[in-house]
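Chemist: This is target-v2.txt (compact mmCIF, C-alpha atoms and all ligand atoms).
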```txt
# COMPACT_ATOMS: atom_id res chain seq x y z
CA GLN A 1 -17.44 9.45 4.62
CA ARG A 2 -19.27 7.61 1.83
CA TYR A 3 -17.65 5.56 -0.90
CA ARG A 4 -19.19 4.08 -4.03
CA ILE A 5 -17.79 0.66 -4.81
CA ALA A 6 -18.43 -1.41 -7.96
CA ALA A 7 -18.19 -5.15 -7.24
CA LEU A 8 -17.40 -7.48 -10.17
CA PRO A 9 -17.22 -11.09 -8.91
CA GLY A 10 -16.53 -12.57 -12.39
CA ASP A 11 -16.18 -16.34 -12.71
CA GLY A 12 -15.50 -19.45 -10.66
CA ILE A 13 -14.22 -18.83 -7.15
CA GLY A 14 -14.46 -15.08 -7.81
CA LYS A 15 -18.16 -15.50 -7.05
CA GLU A 16 -17.30 -17.30 -3.80
CA VAL A 17 -14.59 -15.01 -2.42
CA VAL A 18 -16.05 -11.60 -3.35
CA PRO A 19 -19.00 -12.01 -0.92
CA GLU A 20 -16.50 -12.74 1.88
CA GLY A 21 -14.46 -9.70 0.88
CA LEU A 22 -17.60 -7.56 1.02
CA ARG A 23 -18.59 -9.06 4.36
CA CYS A 24 -15.25 -7.94 5.83
CA LEU A 25 -15.45 -4.51 4.18
CA ARG A 26 -18.92 -3.97 5.67
CA ALA A 27 -17.65 -5.02 9.09
CA ALA A 28 -14.80 -2.51 8.71
CA ALA A 29 -17.21 0.24 7.64
CA ASP A 30 -19.33 -0.32 10.76
CA ALA A 31 -16.34 -0.55 13.08
CA TYR A 32 -14.49 2.48 11.72
CA GLY A 33 -17.43 4.74 10.91
CA PHE A 34 -17.75 5.13 7.16
CA VAL A 35 -20.33 4.04 4.58
CA LEU A 36 -19.82 1.80 1.55
CA ASP A 37 -22.40 1.91 -1.24
CA VAL A 38 -21.76 -1.31 -3.11
CA GLU A 39 -23.24 -2.01 -6.53
CA GLU A 40 -22.71 -5.46 -8.02
CA PHE A 41 -22.29 -6.19 -11.75
CA GLY A 42 -22.44 -9.49 -13.62
CA PHE A 43 -20.27 -8.58 -16.57
CA ALA A 44 -16.60 -9.52 -16.98
CA SER A 45 -17.69 -13.15 -16.78
CA ALA A 46 -18.16 -16.15 -19.05
CA GLU A 47 -21.90 -16.08 -18.34
CA TYR A 48 -22.13 -12.54 -19.68
CA TRP A 49 -20.09 -13.52 -22.73
CA LEU A 50 -22.34 -16.48 -23.54
CA ARG A 51 -25.38 -14.21 -23.39
CA HIS A 52 -23.97 -11.11 -25.13
CA GLY A 53 -21.01 -12.28 -27.21
CA GLU A 54 -18.77 -9.78 -25.43
CA MET A 55 -17.21 -9.66 -22.00
CA MET A 56 -18.43 -6.20 -21.00
CA PRO A 57 -21.09 -3.75 -22.16
CA LYS A 58 -19.92 -1.17 -24.72
CA ASP A 59 -20.46 1.67 -22.23
CA TRP A 60 -18.42 0.11 -19.41
CA ARG A 61 -16.38 3.30 -19.08
CA GLU A 62 -19.49 5.34 -18.24
CA VAL A 63 -20.93 2.55 -16.07
CA LEU A 64 -17.82 2.19 -13.90
CA GLY A 65 -16.11 5.57 -14.31
CA GLY A 66 -18.00 7.29 -11.50
CA PHE A 67 -17.16 4.77 -8.78
CA ASP A 68 -14.50 5.44 -6.15
CA ALA A 69 -13.03 1.96 -6.63
CA ILE A 70 -13.64 -1.39 -8.29
CA PHE A 71 -13.60 -4.60 -6.23
CA PHE A 72 -12.87 -7.43 -8.64
CA GLY A 73 -12.93 -11.20 -8.14
CA ALA A 74 -11.46 -13.26 -11.00
CA VAL A 75 -12.32 -13.79 -14.63
CA GLY A 76 -11.86 -16.91 -16.75
CA TRP A 77 -13.77 -20.06 -17.61
CA PRO A 78 -11.67 -21.84 -20.23
CA GLU A 79 -14.35 -24.46 -20.94
CA ALA A 80 -16.66 -21.75 -22.30
CA VAL A 81 -14.37 -18.89 -23.38
CA PRO A 82 -10.72 -19.01 -24.47
CA ASP A 83 -8.56 -17.33 -21.82
CA HIS A 84 -7.09 -14.70 -24.13
CA VAL A 85 -10.63 -13.64 -25.06
CA SER A 86 -11.94 -13.42 -21.49
CA LEU A 87 -8.89 -11.68 -20.05
CA TRP A 88 -8.33 -9.26 -22.95
CA GLY A 89 -12.04 -8.50 -23.11
CA SER A 90 -12.32 -7.55 -19.47
CA LEU A 91 -9.47 -7.11 -17.02
CA LEU A 92 -6.93 -5.87 -19.57
CA GLN A 93 -9.51 -3.38 -20.95
CA LEU A 94 -10.18 -2.10 -17.44
CA ARG A 95 -6.48 -1.75 -16.58
CA ARG A 96 -5.71 0.10 -19.81
CA GLY A 97 -8.97 2.04 -20.18
CA PHE A 98 -8.68 3.38 -16.64
CA ASP A 99 -4.92 3.88 -17.03
CA GLN A 100 -4.13 1.72 -14.00
CA TYR A 101 -0.48 1.68 -14.86
CA VAL A 102 0.75 0.42 -11.50
CA ASN A 103 0.05 -3.12 -10.43
CA LEU A 104 1.06 -3.23 -6.77
CA ARG A 105 1.49 -6.62 -5.11
CA PRO A 106 2.66 -6.97 -1.53
CA VAL A 107 4.62 -10.10 -0.71
CA ARG A 108 4.52 -10.75 3.01
CA LEU A 109 4.85 -13.85 5.10
CA LEU A 110 1.82 -13.55 7.36
CA ARG A 111 1.77 -14.76 10.92
CA GLY A 112 -0.03 -18.09 11.03
CA VAL A 113 0.90 -19.14 7.48
CA ARG A 114 3.62 -21.71 7.01
CA GLY A 115 5.64 -20.89 3.89
CA PRO A 116 7.55 -23.44 1.82
CA LEU A 117 10.91 -21.82 2.67
CA ARG A 118 12.09 -23.56 5.82
CA ASP A 119 14.49 -20.88 7.06
CA HIS A 120 12.07 -17.96 6.94
CA GLY A 121 9.53 -16.83 9.50
CA PRO A 122 7.09 -13.91 9.76
CA GLY A 123 8.90 -10.60 9.40
CA ASP A 124 11.62 -12.06 7.15
CA ILE A 125 9.67 -11.64 3.92
CA ASP A 126 8.07 -8.24 3.44
CA PHE A 127 8.38 -6.51 0.10
CA TYR A 128 6.39 -5.07 -2.80
CA VAL A 129 6.40 -6.00 -6.45
CA VAL A 130 5.52 -3.01 -8.63
CA ARG A 131 4.51 -4.26 -12.05
CA GLU A 132 4.11 -2.07 -15.12
CA ASN A 133 0.52 -2.66 -16.12
CA THR A 134 -0.30 -1.00 -19.45
CA GLU A 135 2.45 -1.65 -22.02
CA GLY A 136 5.68 -3.64 -22.36
CA GLU A 137 5.55 -7.25 -23.51
CA TYR A 138 1.73 -7.38 -23.40
CA SER A 139 1.12 -5.58 -26.67
CA SER A 140 -1.18 -6.69 -29.44
CA ILE A 141 1.23 -5.57 -32.14
CA GLY A 142 2.42 -8.40 -34.31
CA GLY A 143 1.05 -11.20 -36.41
CA ARG A 144 1.64 -14.37 -38.38
CA ILE A 145 2.87 -14.79 -41.90
CA PHE A 146 3.25 -17.85 -44.11
CA GLU A 147 0.64 -19.56 -41.96
CA GLY A 148 0.46 -23.30 -42.31
CA THR A 149 3.73 -23.55 -44.21
CA GLU A 150 7.23 -24.52 -43.18
CA ARG A 151 8.06 -20.81 -43.17
CA GLU A 152 5.34 -20.00 -40.63
CA THR A 153 6.61 -16.97 -38.70
CA VAL A 154 5.11 -15.30 -35.63
CA LEU A 155 6.05 -11.90 -34.31
CA GLN A 156 4.92 -9.90 -31.26
CA GLU A 157 6.42 -6.57 -30.31
CA THR A 158 7.32 -5.14 -26.92
CA VAL A 159 6.33 -1.52 -26.46
CA MET A 160 8.17 0.77 -24.06
CA THR A 161 7.43 4.48 -24.04
CA ARG A 162 9.39 7.03 -22.05
CA THR A 163 6.19 8.20 -20.33
CA GLY A 164 5.12 4.63 -19.58
CA VAL A 165 8.47 3.51 -18.24
CA ASP A 166 9.20 6.67 -16.24
CA ARG A 167 5.85 6.85 -14.48
CA VAL A 168 6.00 3.32 -13.09
CA LEU A 169 9.63 3.78 -12.06
CA ARG A 170 8.72 7.05 -10.34
CA TYR A 171 5.93 5.33 -8.41
CA ALA A 172 8.32 2.57 -7.31
CA PHE A 173 11.04 5.00 -6.21
CA GLU A 174 8.48 7.06 -4.26
CA LEU A 175 7.26 3.87 -2.57
CA ALA A 176 10.82 2.76 -1.73
CA GLY A 177 11.58 6.23 -0.37
CA SER A 178 8.61 5.96 2.01
CA ARG A 179 9.75 2.65 3.51
CA PRO A 180 12.35 2.19 6.28
CA GLU A 181 14.80 0.22 4.14
CA ARG A 182 14.61 2.58 1.14
CA HIS A 183 15.86 -0.12 -1.18
CA LEU A 184 14.74 -0.60 -4.78
CA THR A 185 15.63 -3.38 -7.18
CA TRP A 186 14.70 -3.23 -10.83
CA ALA A 187 14.25 -6.41 -12.84
CA THR A 188 15.94 -6.53 -16.20
CA LYS A 189 17.26 -8.88 -18.87
CA SER A 190 19.44 -6.46 -20.78
CA ASN A 191 22.07 -9.15 -21.36
CA GLY A 192 19.66 -11.06 -23.60
CA ILE A 193 16.94 -8.65 -24.73
CA SER A 194 19.20 -6.12 -26.33
CA ILE A 195 16.97 -3.19 -27.28
CA SER A 196 14.05 -2.70 -24.90
CA MET A 197 15.73 -3.86 -21.69
CA PRO A 198 18.81 -1.64 -21.98
CA TYR A 199 16.34 1.23 -22.41
CA TRP A 200 14.55 0.16 -19.22
CA ASP A 201 17.93 0.08 -17.42
CA GLU A 202 18.80 3.52 -18.75
CA ARG A 203 15.55 5.08 -17.53
CA ALA A 204 15.86 3.36 -14.13
CA ALA A 205 19.45 4.56 -13.68
CA GLU A 206 18.41 8.09 -14.56
CA MET A 207 15.45 7.97 -12.16
CA ALA A 208 17.78 6.72 -9.41
CA LEU A 209 19.75 9.97 -9.65
CA ARG A 210 16.62 11.83 -8.53
CA TYR A 211 16.25 9.61 -5.47
CA PRO A 212 19.71 9.68 -3.85
CA HIS A 213 18.24 8.53 -0.51
CA VAL A 214 17.05 5.27 -2.13
CA THR A 215 19.57 2.46 -2.64
CA ALA A 216 18.90 1.17 -6.14
CA ASP A 217 20.24 -1.93 -7.84
CA LYS A 218 19.25 -4.26 -10.65
CA ASP A 219 18.98 -8.01 -11.06
CA HIS A 220 18.51 -9.99 -14.23
CA ILE A 221 15.16 -11.72 -14.15
CA ASP A 222 16.58 -15.24 -14.07
CA ILE A 223 18.77 -14.79 -11.02
CA LEU A 224 16.12 -12.54 -9.46
CA ALA A 225 13.64 -15.42 -9.62
CA ALA A 226 16.20 -17.70 -7.96
CA LYS A 227 16.90 -15.14 -5.23
CA PHE A 228 13.19 -14.70 -4.50
CA VAL A 229 13.29 -18.33 -3.35
CA LEU A 230 16.76 -18.39 -1.77
CA GLN A 231 17.04 -14.92 -0.18
CA PRO A 232 13.65 -13.17 -0.18
CA GLU A 233 14.75 -11.08 2.82
CA ARG A 234 17.00 -9.07 0.44
CA TYR A 235 14.08 -7.30 -1.19
CA ASP A 236 12.09 -4.18 -0.30
CA VAL A 237 10.59 -2.77 -3.52
CA VAL A 238 11.01 -4.63 -6.81
CA VAL A 239 9.93 -2.87 -10.01
CA ALA A 240 9.48 -4.79 -13.24
CA SER A 241 8.07 -4.67 -16.74
CA ASN A 242 4.63 -6.14 -17.43
CA LEU A 243 5.71 -9.73 -18.15
CA PHE A 244 8.51 -9.94 -15.58
CA GLY A 245 6.28 -8.34 -12.98
CA ASP A 246 3.51 -10.81 -13.72
CA ILE A 247 5.81 -13.76 -13.14
CA LEU A 248 7.49 -12.30 -10.05
CA SER A 249 4.22 -11.44 -8.44
CA ASP A 250 3.04 -15.06 -8.58
CA LEU A 251 6.40 -16.40 -7.50
CA GLY A 252 6.67 -14.01 -4.55
CA PRO A 253 3.38 -15.04 -2.94
CA ALA A 254 4.14 -18.70 -3.63
CA CYS A 255 7.21 -18.26 -1.39
CA THR A 256 4.92 -17.07 1.39
CA GLY A 257 2.63 -20.08 1.49
CA THR A 258 -0.37 -20.06 -0.82
CA ILE A 259 -1.40 -17.96 -3.78
CA GLY A 260 -4.84 -17.88 -2.10
CA VAL A 261 -3.73 -15.13 0.31
CA ALA A 262 -2.07 -12.79 -2.21
CA PRO A 263 -3.70 -9.40 -2.95
CA SER A 264 -3.14 -6.83 -5.66
CA ALA A 265 -4.06 -3.28 -6.57
CA ASN A 266 -4.29 -1.87 -10.10
CA ILE A 267 -3.74 1.79 -9.43
CA ASN A 268 -4.32 4.98 -11.37
CA PRO A 269 -2.14 7.15 -9.10
CA GLU A 270 -3.50 10.42 -10.51
CA ARG A 271 -7.01 9.32 -9.43
CA VAL A 272 -8.53 10.46 -12.71
CA HIS A 273 -10.08 6.99 -12.99
CA PRO A 274 -11.11 4.40 -10.40
CA SER A 275 -8.47 1.91 -9.28
CA LEU A 276 -9.19 -1.83 -9.20
CA PHE A 277 -8.48 -4.25 -6.36
CA GLU A 278 -8.35 -8.01 -6.91
CA PRO A 279 -6.66 -11.12 -5.57
CA VAL A 280 -3.62 -12.36 -7.53
CA HIS A 281 -5.21 -15.75 -8.16
CA GLY A 282 -7.61 -16.62 -10.97
CA SER A 283 -11.02 -18.29 -11.05
CA ALA A 284 -9.63 -21.73 -10.09
CA PRO A 285 -12.04 -23.94 -12.06
CA ASP A 286 -10.45 -26.98 -10.39
CA ILE A 287 -11.96 -26.10 -7.00
CA ALA A 288 -14.84 -23.77 -7.99
CA GLY A 289 -18.29 -24.62 -6.64
CA ARG A 290 -17.00 -26.54 -3.64
CA GLY A 291 -16.90 -23.66 -1.17
CA ILE A 292 -13.27 -24.30 -0.21
CA ALA A 293 -11.49 -21.36 -1.86
CA ASN A 294 -9.35 -19.22 0.41
CA PRO A 295 -10.99 -15.75 0.70
CA VAL A 296 -7.92 -14.04 2.24
CA GLY A 297 -6.51 -12.75 -1.07
CA GLN A 298 -9.85 -11.05 -1.73
CA ILE A 299 -10.13 -9.72 1.82
CA TRP A 300 -6.57 -8.37 1.82
CA SER A 301 -7.29 -6.73 -1.56
CA GLY A 302 -10.20 -5.05 0.23
CA ALA A 303 -7.73 -3.75 2.83
CA MET A 304 -5.60 -2.28 0.02
CA MET A 305 -8.74 -0.64 -1.35
CA LEU A 306 -9.49 0.95 2.05
CA GLU A 307 -5.90 2.21 2.22
CA HIS A 308 -6.31 3.77 -1.25
CA LEU A 309 -9.57 5.42 -0.16
CA GLY A 310 -7.75 6.96 2.80
CA GLU A 311 -9.27 4.68 5.47
CA THR A 312 -5.85 3.79 6.83
CA ALA A 313 -6.94 2.62 10.27
CA ALA A 314 -9.64 0.37 8.82
CA ALA A 315 -7.13 -1.11 6.36
CA ALA A 316 -4.74 -1.93 9.19
CA GLY A 317 -7.63 -3.35 11.20
CA VAL A 318 -8.63 -5.74 8.42
CA LEU A 319 -5.07 -6.99 7.98
CA ALA A 320 -4.62 -7.44 11.73
CA ALA A 321 -7.84 -9.47 11.83
CA VAL A 322 -6.59 -11.66 8.97
CA GLU A 323 -3.31 -12.39 10.74
CA SER A 324 -4.92 -12.98 14.08
CA VAL A 325 -7.45 -15.47 12.68
CA LEU A 326 -4.81 -17.30 10.61
CA GLU A 327 -2.66 -17.63 13.71
CA ARG A 328 -5.24 -18.50 16.34
CA ARG A 329 -8.10 -20.24 14.58
CA PRO A 330 -6.91 -23.50 12.97
CA ASP A 331 -10.58 -24.56 13.00
CA VAL A 332 -11.47 -22.06 10.24
CA LEU A 333 -8.53 -22.57 7.85
CA THR A 334 -9.26 -23.60 4.24
CA PRO A 335 -7.57 -26.70 2.70
CA ASP A 336 -4.79 -24.69 0.98
CA LEU A 337 -3.77 -23.52 4.48
CA GLY A 338 -3.80 -27.05 5.83
CA GLY A 339 -7.31 -26.91 7.31
CA THR A 340 -10.71 -28.36 6.43
CA ALA A 341 -12.98 -25.31 6.77
CA THR A 342 -15.04 -23.49 4.12
CA THR A 343 -14.64 -20.12 2.40
CA THR A 344 -17.58 -18.80 4.42
CA ALA A 345 -16.26 -20.02 7.76
CA LEU A 346 -12.92 -18.26 7.25
CA GLY A 347 -14.56 -15.07 5.92
CA ALA A 348 -17.03 -14.94 8.81
CA ALA A 349 -14.29 -15.46 11.40
CA ILE A 350 -12.25 -12.58 9.98
CA ALA A 351 -15.31 -10.31 9.76
CA GLY A 352 -16.16 -11.20 13.37
CA HIS A 353 -12.66 -10.27 14.46
CA ILE A 354 -12.87 -6.91 12.65
CA THR A 355 -16.11 -6.18 14.49
CA SER A 356 -14.79 -7.12 17.93
CA GLY A 357 -11.51 -5.29 17.31
P1 LIG C 1 -5.68 -19.94 -10.65
O1 LIG C 1 -5.06 -18.89 -9.82
O2 LIG C 1 -7.12 -19.82 -10.91
O3 LIG C 1 -5.40 -21.36 -9.97
C1 LIG C 1 -4.08 -21.88 -9.79
C2 LIG C 1 -4.09 -22.94 -8.67
O4 LIG C 1 -4.19 -22.28 -7.40
C3 LIG C 1 -5.28 -23.90 -8.76
O5 LIG C 1 -4.87 -25.18 -8.38
C4 LIG C 1 -6.26 -23.32 -7.77
O6 LIG C 1 -7.12 -24.28 -7.21
C5 LIG C 1 -5.35 -22.70 -6.72
N1 LIG C 1 -5.99 -21.52 -6.11
C6 LIG C 1 -6.14 -20.31 -6.71
N2 LIG C 1 -6.78 -19.46 -5.90
C7 LIG C 1 -7.05 -20.15 -4.77
C8 LIG C 1 -7.73 -19.80 -3.56
N3 LIG C 1 -8.25 -18.59 -3.35
N4 LIG C 1 -7.83 -20.75 -2.61
C9 LIG C 1 -7.32 -21.97 -2.81
N5 LIG C 1 -6.67 -22.36 -3.91
C10 LIG C 1 -6.54 -21.45 -4.90
O7 LIG C 1 -4.87 -19.98 -12.04
P2 LIG C 1 -5.12 -20.85 -13.35
O8 LIG C 1 -5.58 -22.21 -12.98
O9 LIG C 1 -3.91 -20.70 -14.15
O10 LIG C 1 -6.28 -20.11 -14.14
C11 LIG C 1 -7.66 -20.43 -14.03
C12 LIG C 1 -8.48 -19.38 -14.75
O11 LIG C 1 -8.33 -18.10 -14.09
C13 LIG C 1 -8.07 -19.15 -16.19
O12 LIG C 1 -9.23 -18.91 -16.93
C14 LIG C 1 -7.19 -17.93 -16.13
O13 LIG C 1 -7.14 -17.20 -17.33
C15 LIG C 1 -7.89 -17.14 -15.05
N6 LIG C 1 -7.03 -16.16 -14.37
C16 LIG C 1 -7.60 -14.96 -14.05
C17 LIG C 1 -6.91 -14.02 -13.34
C18 LIG C 1 -7.60 -12.76 -12.96
O14 LIG C 1 -8.80 -12.65 -13.07
N7 LIG C 1 -6.87 -11.77 -12.48
C19 LIG C 1 -5.52 -14.25 -12.91
C20 LIG C 1 -5.02 -15.58 -13.23
C21 LIG C 1 -5.76 -16.47 -13.95
MG MG C 2 -0.43 -13.68 -13.17
```
Transcribe the structure of this file into structure tokens.
Ligand code: NAI
Ligand code: MG

Modeler:
Amino acid sequence: QRYRIAALPGDGIGKEVVPEGLRCLRAAADAYGFVLDVEEFGFASAEYWLRHGEMMPKDWREVLGGFDAIFFGAVGWPEAVPDHVSLWGSLLQLRRGFDQYVNLRPVRLLRGVRGPLRDHGPGDIDFYVVRENTEGEYSSIGGRIFEGTERETVLQETVMTRTGVDRVLRYAFELAGSRPERHLTWATKSNGISISMPYWDERAAEMALRYPHVTADKDHIDILAAKFVLQPERYDVVVASNLFGDILSDLGPACTGTIGVAPSANINPERVHPSLFEPVHGSAPDIAGRGIANPVGQIWSGAMMLEHLGETAAAAGVLAAVESVLERRPDVLTPDLGGTATTTALGAAIAGHITSG
């Protein structure tokens, strides 16, 4: 098998962790017998913006549309480009343009990583956050009136469409149905947000009728956030709107140690367009350039990409290598994991483990 991969390192530590992700993917390709054709692009970065006045070339759809998957680092360099410009001009265009309406984020306490929750060990925390990725609270509908006066008023709308809500719920129910616990929780806030969230509840309740073998319940976002910290073992699949899902999928990984290990997949389930795989973290300007970023989030995102491409054994192999190295090689851990090693040392150790099996 041959796969065409577009690599977009982006900014900051994206440029440091993507090479380690690719190193592990190449090791997996050799070990499991497939070929990756990787093409690297410099757009979706502050550097590109400074040179061209835009984050991506106008024909990005044609440039990227033919690839089997996109391997993305992180975008954002607030010193040079305001964050809403860099993110809206790149990642959000890609997610929407390629209709990647599912943002899938596993939350798992890995062996070898000490989480901040004292009572939980490996195996206790193992769930997925499914975030709606194309509509909801992240709309650009709204504006300001009476600017600069006492009456200054700002409005931004939430958009929920039946198609948009139903398709992400369906994906989440299918996922829950495929897991041993078959348990789905939907995040809501219908006690406070009185129009859009009751609609979300209504669609979820109706979808639940079609999946009688899945136990479905709902939690309001405030108590859900508290329970992520206090009782993360309760959860199996958690589905949420764009904003709630964004928050939960940073909180979840934080409960499992470091945001540096958390992966994500932006999926177009119909496979009409390429899906995009990226770590949860951003470009981390505070540590960029020092070679100490944790590459595991990028490497695990690579494993999710292999899974999506159908290379299931290779995906499992990469994840097993990650866990084994985190558990047995304190000498190659990065500072966020309590070690003193570099990005490259950790990446190379994991790649070596993939190769030796
Ligand atoms: P961030 O995730 O870049 O950093 C948050 C904190 O976590 C920092 O202290 C950082 O040093 C640490 N951290 C993050 N990844 C790490 C890793 N792999 N290893 C070790 N430590 C790590 O979030 P922040 O600071 O809010 O945003 C920085 C820039 O990244 C902004 O421009 C923001 O817009 C952008 N961003 C981009 C994202 C993306 O491309 N998907 C997602 C989140 C933020
Ligand atoms: Mg986020």

Chemist: For a quick check of understanding, using all atoms listed in the file, which of A:Val214, A:Val229, A:Leu251, A:Ile13 has the smallest distance to Asp286 of chain A?

Modeler: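 Smallest separation from Asp286 of chain A among the options: A:Ile13.
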
Chemist: Show me which residues are within 7 Å of ligand LIG 1 (chain C) counting all atoms listed in the file, and format the list as an mmCIF file with C-alpha atoms, in the frame of the given file.

Modeler:
```cif
data_model
loop_
_atom_site.group_PDB
_atom_site.id
_atom_site.type_symbol
_atom_site.label_atom_id
_atom_site.label_comp_id
_atom_site.auth_asym_id
_atom_site.auth_seq_id
_atom_site.Cartn_x
_atom_site.Cartn_y
_atom_site.Cartn_z
ATOM 1 C CA GLY A 73 -12.930 -11.200 -8.140
ATOM 2 C CA ALA A 74 -11.460 -13.260 -11.000
ATOM 3 C CA VAL A 75 -12.320 -13.790 -14.630
ATOM 4 C CA GLY A 76 -11.860 -16.910 -16.750
ATOM 5 C CA TRP A 77 -13.770 -20.060 -17.610
ATOM 6 C CA PRO A 78 -11.670 -21.840 -20.230
ATOM 7 C CA ASP A 83 -8.560 -17.330 -21.820
ATOM 8 C CA LEU A 87 -8.890 -11.680 -20.050
ATOM 9 C CA LEU A 91 -9.470 -7.110 -17.020
ATOM 10 C CA ILE A 259 -1.400 -17.960 -3.780
ATOM 11 C CA GLY A 260 -4.840 -17.880 -2.100
ATOM 12 C CA VAL A 261 -3.730 -15.130 0.310
ATOM 13 C CA GLU A 278 -8.350 -8.010 -6.910
ATOM 14 C CA PRO A 279 -6.660 -11.120 -5.570
ATOM 15 C CA VAL A 280 -3.620 -12.360 -7.530
ATOM 16 C CA HIS A 281 -5.210 -15.750 -8.160
ATOM 17 C CA GLY A 282 -7.610 -16.620 -10.970
ATOM 18 C CA SER A 283 -11.020 -18.290 -11.050
ATOM 19 C CA ALA A 284 -9.630 -21.730 -10.090
ATOM 20 C CA PRO A 285 -12.040 -23.940 -12.060
ATOM 21 C CA ASP A 286 -10.450 -26.980 -10.390
ATOM 22 C CA ILE A 287 -11.960 -26.100 -7.000
ATOM 23 C CA ILE A 292 -13.270 -24.300 -0.210
ATOM 24 C CA ALA A 293 -11.490 -21.360 -1.860
ATOM 25 C CA ASN A 294 -9.350 -19.220 0.410
ATOM 26 C CA PRO A 295 -10.990 -15.750 0.700
ATOM 27 C CA GLY A 297 -6.510 -12.750 -1.070
ATOM 28 C CA ASP A 336 -4.790 -24.690 0.980
#
```

Chemist: Compile the contact shell of Ser139 of chain A as an NGL selection string: residues with an atom at most 7 Å away, counting only C-alpha atoms, same-chain residues fewer than 6 positions apart removed.

Modeler: :A and (157-159)

Chemist: Please determine, counting all atoms listed in the file, which residue among A:Pro253, A:Gly14, A:Pro274, A:Pro263 has the shortest atom-to-atom distance to Leu319 of chain A.

Modeler: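 Closest residue, counting all atoms listed in the file: A:Pro263.
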
Chemist: As a list of chain:residue names, please: the residues near segment 179-195 of chain A (cut-off 6 Å, only C-alpha atoms, same-chain neighbours under 3 positions excluded).

Modeler: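 The residues that qualify are A:Ala176, A:Pro198, A:Val214, A:Thr215, A:Ala216, A:Asp217, A:Lys218, A:Asp219, A:His220, A:Ile221, A:Asp236, A:Val237, A:Val238, A:Val239, A:Ala240.
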
Chemist: Those selected residues, please, written with C-alpha atoms and delivered as a PDB file, in the coordinates of the input.

Modeler:
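So the final result, stored in selection_8.pdb, reads:
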```pdb
ATOM      1  CA  ALA A 176      10.820   2.760  -1.730  1.00  0.00           C
ATOM      2  CA  PRO A 198      18.810  -1.640 -21.980  1.00  0.00           C
ATOM      3  CA  VAL A 214      17.050   5.270  -2.130  1.00  0.00           C
ATOM      4  CA  THR A 215      19.570   2.460  -2.640  1.00  0.00           C
ATOM      5  CA  ALA A 216      18.900   1.170  -6.140  1.00  0.00           C
ATOM      6  CA  ASP A 217      20.240  -1.930  -7.840  1.00  0.00           C
ATOM      7  CA  LYS A 218      19.250  -4.260 -10.650  1.00  0.00           C
ATOM      8  CA  ASP A 219      18.980  -8.010 -11.060  1.00  0.00           C
ATOM      9  CA  HIS A 220      18.510  -9.990 -14.230  1.00  0.00           C
ATOM     10  CA  ILE A 221      15.160 -11.720 -14.150  1.00  0.00           C
ATOM     11  CA  ASP A 236      12.090  -4.180  -0.300  1.00  0.00           C
ATOM     12  CA  VAL A 237      10.590  -2.770  -3.520  1.00  0.00           C
ATOM     13  CA  VAL A 238      11.010  -4.630  -6.810  1.00  0.00           C
ATOM     14  CA  VAL A 239       9.930  -2.870 -10.010  1.00  0.00           C
ATOM     15  CA  ALA A 240       9.480  -4.790 -13.240  1.00  0.00           C
TER      16      ALA A 240
END
```

Chemist: Can you list every residue of chain A that has an atom at most 9 Å from ligand MG 2 (chain C), with its nearest atom pair and the distance in Å to one decimal, using all atoms listed in the file, ordered by chain then number, as a tab-separated table?

Modeler:
```
residue	atom	partner	partner_atom	distance
A:Leu243	CA	C:MG2	MG	8.8
A:Gly245	CA	C:MG2	MG	8.6
A:Asp246	CA	C:MG2	MG	4.9
A:Ile247	CA	C:MG2	MG	6.2
A:Leu248	CA	C:MG2	MG	8.6
A:Ser249	CA	C:MG2	MG	7.0
A:Asp250	CA	C:MG2	MG	5.9
A:Val280	CA	C:MG2	MG	6.6
A:His281	CA	C:MG2	MG	7.2
A:Gly282	CA	C:MG2	MG	8.1
```

Chemist: What is the distance between atom CA of Asp11 of chain A and atom CA of Phe43 of chain A, in Å to one decimal?

Modeler: 9.6 Å

Chemist: Nearest to Ser86 of chain A among A:Asp331, A:Glu311, A:Glu47, A:Asp201, with distances taken over all atoms listed in the file: which residue is it?

Modeler: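 Result for the nearest residue to Ser86 of chain A: A:Glu47.
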
Chemist: Have a look at atom CA of His353 of chain A and atom CA of Leu110 of chain A and let me know their distance in Å, one decimal.

Modeler: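 Computed distance, atom CA of His353 of chain A to atom CA of Leu110 of chain A, equals 16.5 Å.
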
Chemist: Restricting the calculation to only C-alpha atoms, which member of A:Val168, A:Val322, A:Ala6, A:Ser140 is positioned closest to Leu155 of chain A?

Modeler: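 Checking each candidate against Leu155 of chain A, we get A:Ser140 as the closest.
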
Chemist: Centre and edge lengths of an axis-aligned box around all listed atoms of segment 12-22 of chain A, with 4 Å added on each side, are to be given in Å to one decimal, as JSON.

Modeler:
```
{"center_x": -16.6, "center_y": -13.5, "center_z": -4.4, "size_x": 12.8, "size_y": 19.9, "size_z": 20.5}
```
